[in-house]
>>> print(open('work-v1.cif').read())   # mmCIF, C-alpha atoms
data_model
#
loop_
_atom_site.group_PDB
_atom_site.id
_atom_site.type_symbol
_atom_site.label_atom_id
_atom_site.label_comp_id
_atom_site.auth_asym_id
_atom_site.auth_seq_id
_atom_site.Cartn_x
_atom_site.Cartn_y
_atom_site.Cartn_z
ATOM 1 C CA MET B 1166 43.611 -4.102 -74.734
ATOM 2 C CA PRO B 1167 43.280 -4.962 -71.012
ATOM 3 C CA ARG B 1168 46.306 -6.419 -69.266
ATOM 4 C CA ARG B 1169 46.168 -10.086 -68.315
ATOM 5 C CA ALA B 1170 47.120 -10.876 -64.739
ATOM 6 C CA THR B 1171 50.110 -13.148 -64.228
ATOM 7 C CA LEU B 1172 49.844 -16.518 -62.511
ATOM 8 C CA ALA B 1173 51.227 -15.038 -59.287
ATOM 9 C CA GLU B 1174 48.672 -12.222 -59.366
ATOM 10 C CA TRP B 1175 45.816 -14.635 -59.994
ATOM 11 C CA ARG B 1176 46.968 -16.734 -57.053
ATOM 12 C CA THR B 1177 46.703 -13.710 -54.774
ATOM 13 C CA ILE B 1178 43.402 -12.531 -56.279
ATOM 14 C CA LEU B 1179 41.755 -15.938 -55.842
ATOM 15 C CA PHE B 1180 43.150 -16.364 -52.335
ATOM 16 C CA ASN B 1181 41.776 -12.954 -51.302
ATOM 17 C CA ARG B 1182 38.412 -13.759 -52.883
ATOM 18 C CA PHE B 1183 37.821 -17.123 -51.248
ATOM 19 C CA PHE B 1184 39.741 -16.799 -47.973
ATOM 20 C CA THR B 1185 38.188 -13.961 -45.982
ATOM 21 C CA GLY B 1186 37.250 -13.226 -42.382
ATOM 22 C CA ARG B 1187 37.546 -16.152 -40.003
ATOM 23 C CA LEU B 1188 38.644 -18.517 -42.762
ATOM 24 C CA LEU B 1189 41.564 -16.217 -43.624
ATOM 25 C CA ASP B 1190 42.502 -16.028 -39.937
ATOM 26 C CA ALA B 1191 42.366 -19.835 -39.655
ATOM 27 C CA VAL B 1192 44.542 -20.371 -42.743
ATOM 28 C CA SER B 1193 47.051 -17.764 -41.528
ATOM 29 C CA ALA B 1194 47.191 -19.382 -38.088
ATOM 30 C CA ALA B 1195 47.758 -22.835 -39.568
ATOM 31 C CA LYS B 1196 50.577 -21.580 -41.763
ATOM 32 C CA ARG B 1197 52.191 -19.737 -38.845
ATOM 33 C CA ALA B 1198 52.073 -22.918 -36.769
ATOM 34 C CA VAL B 1199 53.937 -25.124 -39.256
ATOM 35 C CA TYR B 1200 56.198 -22.553 -40.915
ATOM 36 C CA PRO B 1201 59.051 -22.514 -38.332
ATOM 37 C CA LEU B 1202 59.345 -26.300 -38.550
ATOM 38 C CA LEU B 1203 59.355 -26.200 -42.346
ATOM 39 C CA VAL B 1204 62.047 -23.509 -42.405
ATOM 40 C CA ARG B 1205 64.208 -25.600 -40.111
ATOM 41 C CA LEU B 1206 63.713 -28.946 -41.873
ATOM 42 C CA VAL B 1207 62.601 -28.250 -45.459
ATOM 43 C CA PRO B 1208 63.194 -24.563 -46.283
ATOM 44 C CA ARG B 1209 62.443 -25.068 -49.989
ATOM 45 C CA LEU B 1210 58.945 -26.288 -49.103
ATOM 46 C CA ALA B 1211 58.456 -23.292 -46.795
ATOM 47 C CA MET B 1212 59.324 -20.989 -49.685
ATOM 48 C CA PHE B 1213 56.964 -22.823 -52.028
ATOM 49 C CA LEU B 1214 54.078 -22.286 -49.611
ATOM 50 C CA HIS B 1215 54.618 -18.560 -49.040
ATOM 51 C CA GLU B 1216 55.231 -16.026 -51.836
ATOM 52 C CA PRO B 1217 57.495 -18.419 -53.774
ATOM 53 C CA GLU B 1218 58.754 -15.887 -56.349
ATOM 54 C CA SER B 1219 60.026 -13.468 -53.706
ATOM 55 C CA THR B 1220 61.077 -15.831 -50.908
ATOM 56 C CA ARG B 1221 63.243 -17.805 -53.333
ATOM 57 C CA ARG B 1222 65.096 -14.657 -54.496
ATOM 58 C CA TYR B 1223 65.411 -13.507 -50.889
ATOM 59 C CA TRP B 1224 66.929 -16.836 -49.842
ATOM 60 C CA ASN B 1225 69.353 -16.847 -52.760
ATOM 61 C CA ALA B 1226 70.514 -13.282 -52.038
ATOM 62 C CA ILE B 1227 71.513 -14.125 -48.453
ATOM 63 C CA GLU B 1228 74.832 -15.764 -47.666
ATOM 64 C CA PRO B 1229 76.288 -16.926 -44.333
ATOM 65 C CA GLY B 1230 77.462 -14.022 -42.183
ATOM 66 C CA MET B 1231 75.348 -11.367 -43.900
ATOM 67 C CA LEU B 1232 73.473 -8.458 -42.276
ATOM 68 C CA VAL B 1233 69.780 -8.625 -43.165
ATOM 69 C CA VAL B 1234 66.792 -6.341 -42.520
ATOM 70 C CA ASP B 1235 63.238 -7.688 -42.499
ATOM 71 C CA GLY B 1236 61.154 -4.519 -42.740
ATOM 72 C CA GLY B 1237 57.516 -5.127 -41.888
ATOM 73 C CA ALA B 1238 58.360 -8.467 -40.312
ATOM 74 C CA ASN B 1239 54.800 -9.098 -39.125
ATOM 75 C CA MET B 1240 55.135 -12.489 -37.419
ATOM 76 C CA GLY B 1241 58.529 -13.381 -38.787
ATOM 77 C CA GLY B 1242 58.214 -15.633 -41.837
ATOM 78 C CA TYR B 1243 60.963 -13.868 -43.765
ATOM 79 C CA SER B 1244 63.009 -13.442 -40.573
ATOM 80 C CA LEU B 1245 63.024 -17.191 -39.995
ATOM 81 C CA LEU B 1246 64.278 -17.788 -43.531
ATOM 82 C CA ALA B 1247 66.981 -15.140 -43.125
ATOM 83 C CA SER B 1248 68.060 -16.577 -39.777
ATOM 84 C CA ARG B 1249 68.428 -20.040 -41.279
ATOM 85 C CA ARG B 1250 70.297 -18.773 -44.328
ATOM 86 C CA ALA B 1251 72.610 -16.187 -42.665
ATOM 87 C CA GLY B 1252 73.693 -18.649 -39.986
ATOM 88 C CA PRO B 1253 75.329 -17.989 -36.609
ATOM 89 C CA ALA B 1254 77.742 -15.410 -38.033
ATOM 90 C CA GLY B 1255 74.927 -13.377 -39.596
ATOM 91 C CA ARG B 1256 72.491 -10.920 -38.058
ATOM 92 C CA VAL B 1257 68.833 -10.316 -38.853
ATOM 93 C CA PHE B 1258 67.027 -7.148 -37.752
ATOM 94 C CA SER B 1259 63.252 -7.675 -37.745
ATOM 95 C CA PHE B 1260 61.234 -4.447 -37.730
ATOM 96 C CA GLU B 1261 57.601 -4.624 -36.579
ATOM 97 C CA PRO B 1262 55.843 -1.558 -35.085
ATOM 98 C CA ASP B 1263 52.467 -3.044 -34.123
ATOM 99 C CA PRO B 1264 52.646 -4.122 -30.441
ATOM 100 C CA ARG B 1265 50.522 -7.260 -30.881
ATOM 101 C CA ASN B 1266 52.430 -8.419 -33.944
ATOM 102 C CA PHE B 1267 55.729 -7.576 -32.257
ATOM 103 C CA GLU B 1268 54.878 -9.732 -29.241
ATOM 104 C CA ARG B 1269 54.156 -12.684 -31.532
ATOM 105 C CA LEU B 1270 57.263 -11.993 -33.608
ATOM 106 C CA ALA B 1271 59.504 -11.916 -30.532
ATOM 107 C CA ALA B 1272 58.045 -15.202 -29.303
ATOM 108 C CA ARG B 1273 58.450 -16.820 -32.696
ATOM 109 C CA VAL B 1274 62.141 -15.944 -33.121
ATOM 110 C CA ARG B 1275 63.187 -16.305 -29.472
ATOM 111 C CA ARG B 1276 65.267 -19.380 -30.293
ATOM 112 C CA CYS B 1277 67.015 -17.636 -33.191
ATOM 113 C CA ALA B 1278 70.114 -16.151 -31.567
ATOM 114 C CA ASN B 1279 70.973 -14.179 -34.686
ATOM 115 C CA VAL B 1280 67.610 -12.363 -34.904
ATOM 116 C CA GLN B 1281 67.028 -9.020 -33.183
ATOM 117 C CA PRO B 1282 63.376 -7.907 -33.124
ATOM 118 C CA VAL B 1283 63.044 -4.108 -33.417
ATOM 119 C CA PRO B 1284 59.736 -2.500 -32.285
ATOM 120 C CA LYS B 1285 59.840 0.258 -34.891
ATOM 121 C CA ALA B 1286 58.587 1.077 -38.370
ATOM 122 C CA ILE B 1287 60.951 1.976 -41.196
ATOM 123 C CA ALA B 1288 60.415 5.450 -42.667
ATOM 124 C CA ASP B 1289 62.294 8.403 -44.155
ATOM 125 C CA LYS B 1290 63.336 9.830 -40.782
ATOM 126 C CA SER B 1291 63.444 8.882 -37.128
ATOM 127 C CA GLY B 1292 60.918 9.869 -34.478
ATOM 128 C CA GLN B 1293 57.236 9.066 -33.941
ATOM 129 C CA SER B 1294 54.416 8.521 -36.428
ATOM 130 C CA VAL B 1295 50.845 7.240 -36.594
ATOM 131 C CA LEU B 1296 50.326 3.617 -37.613
ATOM 132 C CA PHE B 1297 46.823 3.048 -39.025
ATOM 133 C CA LEU B 1298 45.525 -0.340 -37.921
ATOM 134 C CA SER B 1299 43.829 -2.740 -40.307
ATOM 135 C CA THR B 1300 41.456 -5.484 -39.220
ATOM 136 C CA PHE B 1301 43.934 -7.879 -40.861
ATOM 137 C CA HIS B 1302 47.183 -8.277 -38.925
ATOM 138 C CA ALA B 1303 49.351 -7.781 -42.037
ATOM 139 C CA GLY B 1304 47.623 -4.639 -43.324
ATOM 140 C CA HIS B 1305 48.722 -1.864 -40.936
ATOM 141 C CA SER B 1306 50.086 1.241 -42.660
ATOM 142 C CA LEU B 1307 51.940 4.481 -41.932
ATOM 143 C CA VAL B 1308 50.493 6.208 -44.989
ATOM 144 C CA ASP B 1309 47.088 4.707 -45.788
ATOM 145 C CA GLY B 1310 44.409 5.819 -43.342
ATOM 146 C CA SER B 1311 41.757 3.931 -45.313
ATOM 147 C CA VAL B 1312 42.890 0.566 -43.889
ATOM 148 C CA GLY B 1313 41.078 1.325 -40.647
ATOM 149 C CA PRO B 1314 39.808 4.181 -38.469
ATOM 150 C CA GLU B 1315 42.101 3.465 -35.524
ATOM 151 C CA GLY B 1316 45.664 4.717 -35.308
ATOM 152 C CA ILE B 1317 48.400 4.386 -32.689
ATOM 153 C CA SER B 1318 51.645 6.268 -32.164
ATOM 154 C CA VAL B 1319 54.725 4.183 -32.970
ATOM 155 C CA ALA B 1320 58.467 4.729 -33.114
ATOM 156 C CA VAL B 1321 59.941 5.061 -36.599
ATOM 157 C CA THR B 1322 63.514 5.086 -37.876
ATOM 158 C CA SER B 1323 65.330 5.548 -41.135
ATOM 159 C CA LEU B 1324 67.683 2.720 -42.044
ATOM 160 C CA ASP B 1325 70.544 5.205 -42.405
ATOM 161 C CA ASP B 1326 70.004 6.275 -38.771
ATOM 162 C CA PHE B 1327 69.625 2.676 -37.597
ATOM 163 C CA VAL B 1328 72.879 1.549 -39.206
ATOM 164 C CA ARG B 1329 74.727 4.575 -37.842
ATOM 165 C CA GLU B 1330 73.377 4.109 -34.290
ATOM 166 C CA LEU B 1331 74.399 0.439 -34.191
ATOM 167 C CA GLY B 1332 77.765 1.093 -35.830
ATOM 168 C CA LEU B 1333 77.101 -1.403 -38.608
ATOM 169 C CA PRO B 1334 79.366 -1.443 -41.684
ATOM 170 C CA GLY B 1335 76.296 -1.452 -43.939
ATOM 171 C CA LEU B 1336 73.574 -3.944 -44.870
ATOM 172 C CA ASP B 1337 73.589 -6.855 -47.297
ATOM 173 C CA VAL B 1338 69.903 -7.620 -47.887
ATOM 174 C CA VAL B 1339 66.848 -5.474 -47.139
ATOM 175 C CA LYS B 1340 63.287 -6.749 -47.467
ATOM 176 C CA LEU B 1341 60.483 -4.168 -47.292
ATOM 177 C CA ASP B 1342 56.801 -5.053 -46.910
ATOM 178 C CA ILE B 1343 55.506 -1.866 -45.301
ATOM 179 C CA GLU B 1344 52.087 -1.239 -46.828
ATOM 180 C CA GLY B 1345 52.650 1.840 -48.990
ATOM 181 C CA ALA B 1346 55.621 3.394 -47.149
ATOM 182 C CA GLU B 1347 58.206 1.872 -49.498
ATOM 183 C CA LEU B 1348 59.242 5.177 -51.106
ATOM 184 C CA LEU B 1349 59.652 6.753 -47.656
ATOM 185 C CA ALA B 1350 61.936 3.882 -46.646
ATOM 186 C CA LEU B 1351 64.112 4.406 -49.715
ATOM 187 C CA ASP B 1352 64.329 8.130 -48.957
ATOM 188 C CA GLY B 1353 65.643 7.194 -45.519
ATOM 189 C CA MET B 1354 68.419 4.929 -46.805
ATOM 190 C CA GLN B 1355 70.185 7.172 -49.317
ATOM 191 C CA GLN B 1356 73.565 6.696 -47.639
ATOM 192 C CA LEU B 1357 73.147 2.929 -47.802
ATOM 193 C CA LEU B 1358 72.063 3.045 -51.437
ATOM 194 C CA ARG B 1359 75.185 4.995 -52.375
ATOM 195 C CA GLY B 1360 77.674 3.452 -49.952
ATOM 196 C CA LYS B 1361 80.417 0.878 -50.361
ATOM 197 C CA ARG B 1362 78.337 -2.004 -48.990
ATOM 198 C CA ARG B 1363 75.074 -1.680 -50.880
ATOM 199 C CA PRO B 1364 72.247 -4.098 -50.100
ATOM 200 C CA VAL B 1365 70.112 -6.198 -52.376
ATOM 201 C CA ILE B 1366 66.552 -4.925 -51.922
ATOM 202 C CA LEU B 1367 63.371 -6.981 -52.105
ATOM 203 C CA CYS B 1368 60.294 -4.792 -51.923
ATOM 204 C CA GLU B 1369 56.597 -5.591 -51.924
ATOM 205 C CA VAL B 1370 54.910 -2.702 -53.754
ATOM 206 C CA HIS B 1371 51.502 -1.653 -52.448
ATOM 207 C CA PRO B 1372 48.922 0.662 -54.031
ATOM 208 C CA PRO B 1373 48.887 3.571 -54.660
ATOM 209 C CA ILE B 1374 52.585 3.150 -55.550
ATOM 210 C CA THR B 1375 53.338 1.654 -58.955
ATOM 211 C CA PRO B 1376 56.300 -0.658 -59.569
ATOM 212 C CA GLU B 1377 57.599 1.913 -62.071
ATOM 213 C CA GLU B 1378 57.836 4.594 -59.365
ATOM 214 C CA LEU B 1379 59.864 2.330 -57.117
ATOM 215 C CA ILE B 1380 62.080 1.086 -59.934
ATOM 216 C CA ALA B 1381 62.806 4.660 -61.086
ATOM 217 C CA LYS B 1382 63.966 5.644 -57.605
ATOM 218 C CA LEU B 1383 66.211 2.592 -57.363
ATOM 219 C CA GLU B 1384 67.655 3.011 -60.840
ATOM 220 C CA ALA B 1385 68.478 6.631 -60.000
ATOM 221 C CA ASN B 1386 70.818 5.161 -57.377
ATOM 222 C CA GLY B 1387 72.496 2.835 -59.866
ATOM 223 C CA TYR B 1388 70.469 -0.305 -59.116
ATOM 224 C CA ARG B 1389 69.178 -2.864 -61.573
ATOM 225 C CA ALA B 1390 65.552 -3.560 -60.720
ATOM 226 C CA ARG B 1391 62.781 -5.775 -62.041
ATOM 227 C CA VAL B 1392 59.334 -7.043 -61.113
ATOM 228 C CA LEU B 1393 59.271 -10.689 -60.048
ATOM 229 C CA ASP B 1394 55.602 -11.622 -60.264
ATOM 230 C CA ALA B 1395 53.788 -9.183 -62.568
ATOM 231 C CA GLU B 1396 54.093 -7.168 -65.760
ATOM 232 C CA LEU B 1397 54.944 -3.470 -65.922
ATOM 233 C CA THR B 1398 51.873 -1.543 -67.044
ATOM 234 C CA GLY B 1399 52.420 2.009 -65.800
ATOM 235 C CA ALA B 1400 49.367 1.597 -63.578
ATOM 236 C CA VAL B 1401 48.633 0.600 -60.001
ATOM 237 C CA HIS B 1402 48.219 -3.175 -59.636
ATOM 238 C CA ASP B 1403 45.192 -4.803 -58.059
ATOM 239 C CA VAL B 1404 47.374 -6.780 -55.665
ATOM 240 C CA PRO B 1405 50.838 -6.189 -54.174
ATOM 241 C CA VAL B 1406 53.746 -7.165 -56.431
ATOM 242 C CA HIS B 1407 57.415 -7.715 -55.687
ATOM 243 C CA VAL B 1408 60.409 -5.808 -57.012
ATOM 244 C CA LEU B 1409 63.973 -7.107 -56.724
ATOM 245 C CA ALA B 1410 66.771 -4.526 -56.960
ATOM 246 C CA VAL B 1411 70.448 -5.464 -57.112
ATOM 247 C CA PRO B 1412 73.516 -3.197 -57.237
ATOM 248 C CA PRO B 1413 75.605 -4.058 -60.339
ATOM 249 C CA GLU B 1414 78.559 -5.162 -58.218
ATOM 250 C CA ARG B 1415 76.400 -7.913 -56.720
ATOM 251 C CA ASP B 1416 74.417 -8.888 -59.797
ATOM 252 C CA ARG B 1417 74.878 -12.542 -60.637
ATOM 253 C CA PRO B 1418 74.738 -13.758 -64.246
#
>>> encode(input="work-v1.cif", output="structure tokens")
Amino acid sequence: MPRRATLAEWRTILFNRFFTGRLLDAVSAAKRAVYPLLVRLVPRLAMFLHEPESTRRYWNAIEPGMLVVDGGANMGGYSLLASRRAGPAGRVFSFEPDPRNFERLAARVRRCANVQPVPKAIADKSGQSVLFLSTFHAGHSLVDGSVGPEGISVAVTSLDDFVRELGLPGLDVVKLDIEGAELLALDGMQQLLRGKRRPVILCEVHPPITPEELIAKLEANGYRARVLDAELTGAVHDVPVHVLAVPPERDRP
């Protein structure tokens, strides 16, 4: 019996079907224009308008003073939410390797004193890698050359290396939306996953990775993980889905 898509999946499927090309660019531009104001004045409305299942869990996981990573920040929607929620005592590290996206990200968060844009991709180790460029600004990938024929060399870092280089005590919340490189990112944060200050992880899972693969890797490190906006099927999903993983010591009833 074929699996029925969830409401969240249908929302994405229909959006991708009817909003393409210039119309998609126009809708994205309009949302980018109003989103900072909404985050500042009515954050709940901002979350309702953009990936409500995942942004709501992300917001709830962050507390004032926390250390937050926005991996695959693109133009900073999640970074703006984290900045608002973590407050002046918190810090948000926004990773975006594409130069054009990074320029827009830096401009968008320039008034957020607690946000540090980082022009790197998150991977399993530090160094240089090829970023394959999609025609859509949010589709660039370290691992999927099918998104586009053009590739550029970008700096990459593991989160374990990043935390060690900055002398941070750990991380509290990590969001990953990195177009198929999610398993690499987890491989590069083994010390964080097993440390004393373990982060809550919100991960957008992209084909060809299945949610089960990601969940298995997280559960092997003692995390409790679940899909927020889809059903587990053992197969690759037609659209990206979100997994929330929480260490037991931070799991709320």
>>> closest_residue(input="work-v1.cif", among="B:Pro1373, B:Pro1253, B:Pro1364, B:Pro1413", to="Gly1345 in chain B", atoms="all atoms listed in the file")
B:Pro1373
>>> residues_near_point(input="work-v1.cif", point="(48.2, -1.1, -61.0)", cutoff="9 Å", atoms="only C-alpha atoms", output="PyMOL selection string")
chain B and resi 1372-1376+1397-1405
>>> resolve_selection(input="work-v1.cif", expression="the PyMOL selection byres ((chain B and resi 1236) around 12)", output="number ranges by chain")
B: 1233-1235, 1237-1244, 1257-1262, 1282-1288, 1321-1324, 1338-1344, 1346-1347, 1350-1351, 1366-1369
>>> resolve_selection(input="work-v1.cif", expression="the PyMOL selection byres ((chain B and resi 1336) around 12)", output="count of residues only")
37
>>> atom_distance(input="work-v1.cif", atom1="CA of Pro1217 in chain B", atom2="CA of Ala1390 in chain B")
18.3 Å
>>> atom_distance(input="work-v1.cif", atom1="CA of Leu1409 in chain B", atom2="CA of Arg1249 in chain B")
20.6 Å
>>> axis_aligned_box(input="work-v1.cif", around="range 1218-1230 of chain B", padding_each_side="5 Å", output="lines of an AutoDock Vina configuration file")
center_x = 68.1
center_y = -15.5
center_z = -49.3
size_x = 28.7
size_y = 14.5
size_z = 24.2
>>> closest_residue(input="work-v1.cif", among="B:Val1392, B:Val1319, B:Leu1246, B:Ala1198", to="Asp1263 in chain B", atoms="only C-alpha atoms")
B:Val1319
>>> atom_distance(input="work-v1.cif", atom1="CA of Asp1352 in chain B", atom2="CA of Asp1394 in chain B")
24.4 Å
>>> closest_residue(input="work-v1.cif", among="B:Leu1245, B:Ile1317, B:Pro1229, B:Val1370", to="Leu1203 in chain B", atoms="all atoms listed in the file")
B:Leu1245
>>> closest_residue(input="work-v1.cif", among="B:Ile1380, B:Arg1415, B:Arg1221, B:Ser1291", to="Arg1209 in chain B", atoms="all atoms listed in the file")
B:Arg1221
